[in-house]
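K.L.:
Structure file start.txt, compact mmCIF, C-alpha atoms, is pasted below:
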```
# COMPACT_ATOMS: atom_id res chain seq x y z
CA MET Y 1 29.31 -10.11 -5.69
CA PRO Y 2 25.79 -10.43 -4.21
CA ARG Y 3 25.74 -11.93 -0.73
CA HIS Y 4 23.24 -14.70 0.05
CA ASP Y 5 23.48 -14.91 3.86
CA GLN Y 6 20.32 -14.05 5.81
CA VAL Y 7 21.29 -12.99 9.32
CA GLN Y 8 18.80 -10.23 10.17
CA ARG Y 9 15.24 -9.20 9.23
CA ILE Y 10 14.48 -5.48 9.26
CA ARG Y 11 10.91 -4.16 9.01
CA VAL Y 12 10.58 -0.73 7.41
CA THR Y 13 7.44 1.39 7.61
CA PHE Y 14 7.41 4.05 4.91
CA GLY Y 15 5.19 6.60 3.23
CA ILE Y 16 4.57 7.32 -0.45
CA SER Y 17 3.58 10.72 -1.82
CA GLU Y 18 4.01 12.70 -5.04
CA PRO Y 19 5.78 12.16 -7.36
CA LEU Y 20 6.48 8.55 -6.33
CA CYS Y 21 2.77 7.69 -6.06
CA TYR Y 22 2.60 7.73 -9.87
CA VAL Y 23 5.28 5.04 -10.18
CA SER Y 24 4.23 1.44 -10.90
CA VAL Y 25 4.54 -1.35 -8.33
CA LEU Y 26 7.44 -2.87 -10.27
CA ASP Y 27 9.26 0.46 -10.41
CA ILE Y 28 8.70 1.00 -6.66
CA HIS Y 29 10.58 -2.25 -6.13
CA ARG Y 30 13.38 -1.06 -8.39
CA THR Y 31 13.43 2.31 -6.63
CA TRP Y 32 13.96 0.54 -3.31
CA GLU Y 33 16.76 -1.61 -4.73
CA ARG Y 34 18.57 1.51 -6.00
CA HIS Y 35 17.92 3.30 -2.71
CA LEU Y 36 19.35 0.44 -0.63
CA ASN Y 37 22.40 0.27 -2.86
CA ARG Y 38 22.93 4.03 -2.60
CA ALA Y 39 22.63 3.85 1.19
CA GLN Y 40 25.14 0.96 1.22
CA ILE Y 41 22.81 -1.40 3.08
CA PRO Y 42 24.14 -5.03 3.12
CA VAL Y 43 21.07 -6.62 1.54
CA SER Y 44 20.82 -10.39 1.14
CA TYR Y 45 20.24 -11.61 -2.43
CA SER Y 46 18.55 -14.73 -3.76
CA GLU Y 47 20.71 -17.35 -5.41
CA GLY Y 48 20.62 -18.38 -9.04
CA PHE Y 49 21.37 -16.94 -12.47
CA ASN Y 50 19.49 -13.68 -11.83
CA PRO Y 51 19.71 -12.84 -8.09
CA HIS Y 52 17.22 -10.40 -6.57
CA ALA Y 53 17.36 -8.40 -3.37
CA ARG Y 54 15.38 -10.13 -0.64
CA ILE Y 55 12.80 -7.42 0.05
CA TYR Y 56 9.17 -8.28 0.73
CA PHE Y 57 6.24 -5.84 0.64
CA ALA Y 58 3.06 -6.23 2.67
CA ALA Y 59 0.66 -5.13 -0.08
CA ALA Y 60 1.07 -3.59 -3.51
CA LEU Y 61 0.14 0.10 -3.54
CA PRO Y 62 -1.95 0.84 -6.65
CA LEU Y 63 -0.82 3.55 -9.03
CA GLY Y 64 -1.86 7.03 -7.90
CA TYR Y 65 -2.37 6.12 -4.22
CA CYS Y 66 -0.46 7.90 -1.47
CA SER Y 67 0.28 6.13 1.80
CA THR Y 68 1.54 6.65 5.34
CA CYS Y 69 1.71 2.97 6.33
CA GLU Y 70 3.53 0.80 3.77
CA ILE Y 71 5.48 -2.13 5.20
CA MET Y 72 8.57 -3.80 3.75
CA ASP Y 73 10.71 -6.57 5.21
CA LEU Y 74 14.38 -6.42 4.33
CA MET Y 75 16.73 -9.39 4.75
CA LEU Y 76 20.31 -8.39 5.56
CA ALA Y 77 23.56 -10.29 5.04
CA GLU Y 78 25.12 -8.43 8.02
CA THR Y 79 23.57 -7.24 11.25
CA ARG Y 80 22.92 -3.52 11.56
CA ASP Y 81 21.50 -1.23 14.24
CA ALA Y 82 17.90 -0.32 13.33
CA ALA Y 83 18.25 3.33 14.41
CA GLU Y 84 21.36 3.78 12.28
CA LEU Y 85 19.61 2.17 9.32
CA GLN Y 86 16.71 4.60 9.67
CA THR Y 87 19.12 7.54 9.59
CA GLN Y 88 20.89 6.15 6.51
CA LEU Y 89 17.67 5.45 4.62
CA ALA Y 90 16.12 8.82 5.48
CA ALA Y 91 19.25 10.70 4.40
CA THR Y 92 19.25 9.21 0.89
CA ALA Y 93 15.51 8.75 0.26
CA PRO Y 94 14.28 9.97 -3.15
CA PRO Y 95 11.48 12.58 -3.39
CA GLY Y 96 8.13 11.06 -2.44
CA LEU Y 97 9.56 8.39 -0.12
CA GLN Y 98 9.30 8.97 3.64
CA ILE Y 99 11.01 6.64 6.11
CA ILE Y 100 8.64 6.43 9.10
CA SER Y 101 10.23 3.70 11.22
CA VAL Y 102 12.84 0.94 11.03
CA GLN Y 103 12.69 -1.98 13.47
CA GLU Y 104 14.28 -5.39 13.81
CA ALA Y 105 11.87 -8.34 13.35
CA GLU Y 106 12.23 -12.03 14.07
CA LEU Y 107 14.52 -13.58 11.45
CA HIS Y 108 12.05 -16.35 10.58
CA ASP Y 109 8.92 -14.24 10.95
CA ARG Y 110 6.33 -14.71 8.19
CA ALA Y 111 6.44 -12.39 5.20
CA PRO Y 112 4.30 -9.24 5.69
CA LEU Y 113 1.98 -10.27 2.87
CA LYS Y 114 0.92 -13.37 4.83
CA GLY Y 115 -2.10 -12.70 7.03
CA MET Y 116 -2.97 -9.36 5.40
CA ARG Y 117 -6.69 -8.82 5.96
CA ASP Y 118 -7.88 -5.21 5.77
CA ALA Y 119 -6.79 -1.63 5.12
CA GLU Y 120 -8.00 1.82 6.07
CA TYR Y 121 -8.04 4.72 3.62
CA MET Y 122 -8.79 8.43 3.66
CA VAL Y 123 -10.39 9.47 0.39
CA THR Y 124 -10.95 13.15 -0.40
CA VAL Y 125 -13.42 14.06 -3.15
CA TRP Y 126 -13.85 17.53 -4.63
CA GLY Y 127 -16.88 19.04 -6.35
CA VAL Y 128 -19.78 17.38 -4.49
CA GLN Y 129 -21.94 18.36 -1.53
CA GLU Y 130 -21.72 16.51 1.78
CA SER Y 131 -25.46 15.74 1.80
CA LEU Y 132 -25.28 13.99 -1.58
CA VAL Y 133 -22.25 11.97 -0.51
CA ALA Y 134 -23.96 10.93 2.75
CA SER Y 135 -27.10 9.86 0.89
CA SER Y 136 -25.13 7.79 -1.65
CA ILE Y 137 -23.13 6.08 1.09
CA SER Y 138 -26.31 5.13 2.97
CA GLU Y 139 -27.80 3.61 -0.16
CA MET Y 140 -24.62 1.68 -0.92
CA LEU Y 141 -24.33 0.20 2.57
CA LEU Y 142 -27.94 -1.03 2.36
CA CYS Y 143 -27.17 -3.01 -0.79
CA LYS Y 144 -26.71 -6.76 -0.34
CA SER Y 145 -24.66 -7.02 -3.54
CA ILE Y 146 -22.79 -4.59 -5.81
CA VAL Y 147 -21.80 -6.44 -8.97
CA ARG Y 148 -18.95 -4.87 -10.89
CA GLU Y 149 -16.32 -5.87 -13.42
CA ARG Y 150 -12.55 -5.95 -13.07
CA ILE Y 151 -9.83 -7.07 -15.48
CA LYS Y 152 -7.97 -10.05 -14.05
CA LYS Y 153 -5.30 -11.97 -15.95
CA GLY Y 154 -6.33 -10.17 -19.13
CA GLU Y 155 -10.00 -11.08 -18.83
CA GLN Y 156 -13.02 -8.99 -17.82
CA ARG Y 157 -14.57 -10.72 -14.80
CA GLU Y 158 -17.53 -9.95 -12.57
CA TYR Y 159 -17.11 -9.66 -8.81
CA ASP Y 160 -19.18 -8.50 -5.84
CA LEU Y 161 -17.81 -5.28 -4.34
CA ARG Y 162 -20.15 -5.23 -1.32
CA PRO Y 163 -18.43 -7.92 0.84
CA LEU Y 164 -15.15 -6.01 0.43
CA ILE Y 165 -16.60 -2.91 2.13
CA HIS Y 166 -16.56 -2.99 5.95
CA SER Y 167 -17.45 0.66 6.54
CA ILE Y 168 -17.50 4.10 4.92
CA ALA Y 169 -18.00 7.32 6.88
CA ILE Y 170 -17.62 11.05 6.33
CA SER Y 171 -14.90 12.42 8.62
CA ARG Y 172 -14.76 16.05 7.41
CA ALA Y 173 -16.48 18.29 4.88
CA ASP Y 174 -16.52 21.89 3.68
CA ASP Y 175 -17.78 23.77 0.63
CA GLN Y 176 -15.00 22.41 -1.61
CA SER Y 177 -14.35 18.83 -0.52
CA VAL Y 178 -15.44 15.84 1.55
CA ASP Y 179 -13.16 13.38 3.39
CA LEU Y 180 -14.23 9.75 3.61
CA ASP Y 181 -12.81 7.11 5.94
CA MET Y 182 -12.99 3.71 4.23
CA TYR Y 183 -12.33 0.42 5.99
CA LEU Y 184 -11.96 -2.24 3.27
CA ALA Y 185 -10.82 -5.80 2.71
CA CYS Y 186 -7.22 -6.02 1.53
CA GLY Y 187 -5.77 -9.49 1.16
CA PRO Y 188 -5.58 -12.74 -0.81
CA ASP Y 189 -9.36 -13.23 -0.66
CA GLY Y 190 -10.05 -9.90 -2.38
CA SER Y 191 -9.39 -6.20 -1.96
CA GLY Y 192 -11.76 -3.25 -2.04
CA ARG Y 193 -10.49 -0.43 -4.24
CA PRO Y 194 -11.48 3.09 -3.13
CA GLU Y 195 -11.68 4.40 -6.71
CA GLU Y 196 -14.15 1.64 -7.61
CA ILE Y 197 -16.25 2.57 -4.59
CA ILE Y 198 -16.22 6.23 -5.66
CA ASP Y 199 -17.39 5.14 -9.11
CA ALA Y 200 -20.12 2.90 -7.63
CA LEU Y 201 -21.41 5.80 -5.50
CA SER Y 202 -22.40 7.53 -8.80
CA LEU Y 203 -21.67 11.02 -7.51
CA ASP Y 204 -22.23 13.55 -10.28
CA GLY Y 205 -19.95 16.56 -10.26
CA ILE Y 206 -16.76 15.08 -8.81
CA THR Y 207 -13.84 17.05 -10.23
CA ARG Y 208 -11.07 14.96 -8.65
CA PHE Y 209 -10.26 12.70 -5.71
CA GLN Y 210 -7.23 11.65 -3.69
CA ILE Y 211 -6.60 8.31 -1.96
CA VAL Y 212 -4.30 7.86 1.04
CA ARG Y 213 -3.79 4.44 2.62
CA LYS Y 214 -3.57 5.02 6.40
CA ARG Y 215 -3.30 1.57 7.99
CA LEU Y 216 -2.68 -2.07 7.07
CA ILE Y 217 -4.32 -4.70 9.27
CA TRP Y 218 -3.21 -8.31 9.84
CA GLU Y 219 -5.04 -11.32 11.24
```
What does this structure look like when you write it as structure tokens?
P.N.:
Amino acid sequence: MPRHDQVQRIRVTFGISEPLCYVSVLDIHRTWERHLNRAQIPVSYSEGFNPHARIYFAAALPLGYCSTCEIMDLMLAETRDAAELQTQLAATAPPGLQIISVQEAELHDRAPLKGMRDAEYMVTVWGVQESLVASSISEMLLCKSIVRERIKKGEQREYDLRPLIHSIAISRADDQSVDLDMYLACGPDGSGRPEEIIDALSLDGITRFQIVRKRLIWE
């Protein structure tokens, strides 16, 4: 029977890579539930007709993104040593899931989603020259407004991308690819999406790109 006690809050920092980066947000949640069950972690469950494991993510990771900084709070029905939990979780983690750290948090601490403000990304693009990328970035950052469209609740809606961009800079480049560091809004008031920024840069010749979320930032 599911246990409903909440006696300990555990904060897990984890990474996502292939093939798990191509799994939907909902399926990531299910993957974690299966993983916790397989590792025999005493998770606390909600009450009611259809109880759910009390696990809370800081920010949804969009499909196709990799990450080295995802945060999840896990409510336990029994106290456990954080170091032992990290060993258990790492030993049974599915391909594409990396357990970076496991720490105890205050039991009544706010959920990780609360206070989320910004995120940092490394975006690698292939097939374009550094000089063209640098020129396009300069033009974008000079814009006062970048009106785009995004589907929200089944409707196509306009939004301004520019306020969601704090900074974009080239961190590395060679003949094949260019790395961009993006510092973007990521929270309840709006989130900048790196793939939408790549599209807005209008860089002809891009053959592919990769997005890695590197850091989540709270108020």
K.L.:
Could you name the residues that touch range 197-201 of chain Y at 7 Å or less, counting all atoms listed in the file, but leaving out those on the same chain fewer than 2 positions away, as a PDB file with C-alpha atoms, in the coordinates of the input?
P.N.:
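Heads up, here's the output in around-v1.pdb:
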```
ATOM      1  CA  SER Y 136     -25.130   7.790  -1.650  1.00  0.00           C
ATOM      2  CA  ILE Y 137     -23.130   6.080   1.090  1.00  0.00           C
ATOM      3  CA  MET Y 140     -24.620   1.680  -0.920  1.00  0.00           C
ATOM      4  CA  ARG Y 193     -10.490  -0.430  -4.240  1.00  0.00           C
ATOM      5  CA  PRO Y 194     -11.480   3.090  -3.130  1.00  0.00           C
ATOM      6  CA  GLU Y 195     -11.680   4.400  -6.710  1.00  0.00           C
ATOM      7  CA  LEU Y 203     -21.670  11.020  -7.510  1.00  0.00           C
TER       8      LEU Y 203
END
```
K.L.:
Work out how far CA of Ala83 in chain Y is from CA of Ser17 in chain Y, in Å to one decimal.
P.N.:
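Separation of CA of Ser17 in chain Y and CA of Ala83 in chain Y: 23.1 Å.
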K.L.:
List every protein, DNA or RNA residue that has an atom no more than 6 Å from (8.1, 6.2, 3.8) in the file's coordinate frame, counting only C-alpha atoms, and report them as a list in words.
P.N.:
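Collected hits near the coordinates: Phe14, Gly15, Ile16, Leu97, Gln98, Ile99 and Ile100 of chain Y.
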K.L.:
Would you mind reading off the distance between CA of Leu113 in chain Y and CA of Leu74 in chain Y, one decimal, in Å?
P.N.:
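Computed distance, CA of Leu113 in chain Y to CA of Leu74 in chain Y, equals 13.1 Å.
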K.L.:
Near Ala53 in chain Y, counting all atoms listed in the file, which residues have an atom at most 9 Å away, once you skip same-chain residues fewer than 3 positions from it, shown as a list in words?
P.N.:
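Everything that qualifies: Pro2, Glu33, Val43, Ser44, Tyr45, Ser46, Leu74 and Met75 of chain Y.
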K.L.:
What are the nearest atom pairs, with distances in Å to one decimal, for all residues of range 64-154 of chain Y that come at most 10 Å from range 158-178 of chain Y, using all atoms listed in the file, set out by chain and rising residue number as a Markdown table?
P.N.:
```
| residue | atom | partner | partner_atom | distance |
| --- | --- | --- | --- | --- |
| Y:Asp118 | CA | Y:His166 | CA | 9.0 |
| Y:Ala119 | CA | Y:His166 | CA | 9.9 |
| Y:Glu120 | CA | Y:Ser167 | CA | 9.5 |
| Y:Tyr121 | CA | Y:Ile168 | CA | 9.6 |
| Y:Met122 | CA | Y:Ser171 | CA | 8.8 |
| Y:Val123 | CA | Y:Val178 | CA | 8.2 |
| Y:Thr124 | CA | Y:Val178 | CA | 5.6 |
| Y:Val125 | CA | Y:Val178 | CA | 5.4 |
| Y:Trp126 | CA | Y:Ser177 | CA | 4.3 |
| Y:Gly127 | CA | Y:Gln176 | CA | 6.1 |
| Y:Val128 | CA | Y:Ser177 | CA | 6.9 |
| Y:Gln129 | CA | Y:Asp175 | CA | 7.2 |
| Y:Glu130 | CA | Y:Val178 | CA | 6.3 |
| Y:Ser131 | CA | Y:Ala173 | CA | 9.8 |
| Y:Val133 | CA | Y:Val178 | CA | 8.1 |
| Y:Ala134 | CA | Y:Ile170 | CA | 7.3 |
| Y:Ile137 | CA | Y:Ile168 | CA | 7.1 |
| Y:Ser138 | CA | Y:Ile168 | CA | 9.1 |
| Y:Met140 | CA | Y:Arg162 | CA | 8.2 |
| Y:Leu141 | CA | Y:Arg162 | CA | 7.9 |
| Y:Leu142 | CA | Y:Arg162 | CA | 9.6 |
| Y:Cys143 | CA | Y:Arg162 | CA | 7.4 |
| Y:Lys144 | CA | Y:Arg162 | CA | 6.8 |
| Y:Ser145 | CA | Y:Arg162 | CA | 5.3 |
| Y:Ile146 | CA | Y:Leu161 | CA | 5.2 |
| Y:Val147 | CA | Y:Asp160 | CA | 4.6 |
| Y:Arg148 | CA | Y:Glu158 | CA | 5.5 |
| Y:Glu149 | CA | Y:Glu158 | CA | 4.3 |
| Y:Arg150 | CA | Y:Glu158 | CA | 6.4 |
| Y:Ile151 | CA | Y:Glu158 | CA | 8.7 |
| Y:Lys152 | CA | Y:Glu158 | CA | 9.7 |
```
K.L.:
My list of candidates is Y:Met116, Y:Met182, Y:Ala91, Y:Ile211. Which is closest to Ala39 in chain Y when distances are computed with all atoms listed in the file?
P.N.:
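Residue with the minimum atom-to-atom distance to Ala39 in chain Y: Y:Ala91.
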K.L.:
Go ahead and compute the interatomic distance for CA of Val12 in chain Y and CA of Ile71 in chain Y, in Å to one decimal.
P.N.:
5.7 Å
K.L.:
Counting only C-alpha atoms, which residues have an atom no more than 12 Å from (15.8, 10.7, -1.9) in the file's coordinates? Please list them as a CSV table (one decimal) with C-alpha atoms, in the coordinates of the input.
P.N.:
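Result written to result.csv:
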```
chain,number,residue,atom,x,y,z
Y,16,ILE,CA,4.6,7.3,-0.4
Y,19,PRO,CA,5.8,12.2,-7.4
Y,20,LEU,CA,6.5,8.6,-6.3
Y,31,THR,CA,13.4,2.3,-6.6
Y,32,TRP,CA,14.0,0.5,-3.3
Y,34,ARG,CA,18.6,1.5,-6.0
Y,35,HIS,CA,17.9,3.3,-2.7
Y,36,LEU,CA,19.4,0.4,-0.6
Y,38,ARG,CA,22.9,4.0,-2.6
Y,39,ALA,CA,22.6,3.8,1.2
Y,88,GLN,CA,20.9,6.2,6.5
Y,89,LEU,CA,17.7,5.4,4.6
Y,90,ALA,CA,16.1,8.8,5.5
Y,91,ALA,CA,19.2,10.7,4.4
Y,92,THR,CA,19.2,9.2,0.9
Y,93,ALA,CA,15.5,8.8,0.3
Y,94,PRO,CA,14.3,10.0,-3.2
Y,95,PRO,CA,11.5,12.6,-3.4
Y,96,GLY,CA,8.1,11.1,-2.4
Y,97,LEU,CA,9.6,8.4,-0.1
Y,98,GLN,CA,9.3,9.0,3.6
Y,99,ILE,CA,11.0,6.6,6.1
```
K.L.:
Which one is closest to Ala185 in chain Y: Y:Gln210, Y:Thr68, Y:Leu107, Y:Ala59? Count all atoms listed in the file.
P.N.:
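That would be Y:Ala59, the residue with the smallest distance to Ala185 in chain Y.
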K.L.:
Y:Glu196, Y:Cys66, Y:Pro188, Y:Tyr56: which is nearest Asp109 in chain Y, counting all atoms listed in the file?
P.N.:
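Of Y:Glu196, Y:Cys66, Y:Pro188, Y:Tyr56, the one nearest Asp109 in chain Y, counting all atoms listed in the file, is Y:Tyr56.
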K.L.:
From the options Y:Phe49, Y:Trp218, Y:Phe209, Y:Tyr22, which residue's atoms come nearest to Asp179 in chain Y, counting only C-alpha atoms?
P.N.:
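When distances to Asp179 in chain Y are compared using only C-alpha atoms, the smallest one comes from Y:Phe209.
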K.L.:
With 6 Å on each side, where is the centre of the axis-aligned box around all listed atoms of range 38-53 of chain Y, and how long are its edges in Å to one decimal, as lines of an AutoDock Vina configuration file?
P.N.:
```
center_x = 21.2
center_y = -7.2
center_z = -4.7
size_x = 19.9
size_y = 34.4
size_z = 27.6
```
K.L.:
Rank nothing, just name the residue among Y:Gly115, Y:Pro62, Y:Pro42, Y:Pro51 nearest to Arg80 in chain Y, using all atoms listed in the file.
P.N.:
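Closest to Arg80 in chain Y, using all atoms listed in the file: Y:Pro42.
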K.L.:
Looking at only C-alpha atoms, which of Y:Cys21, Y:Ala58, Y:Ile28, Y:Leu76 is the one that sits closest to Gln8 in chain Y?
P.N.:
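Of the candidates, the smallest distance to Gln8 in chain Y is held by Y:Leu76.
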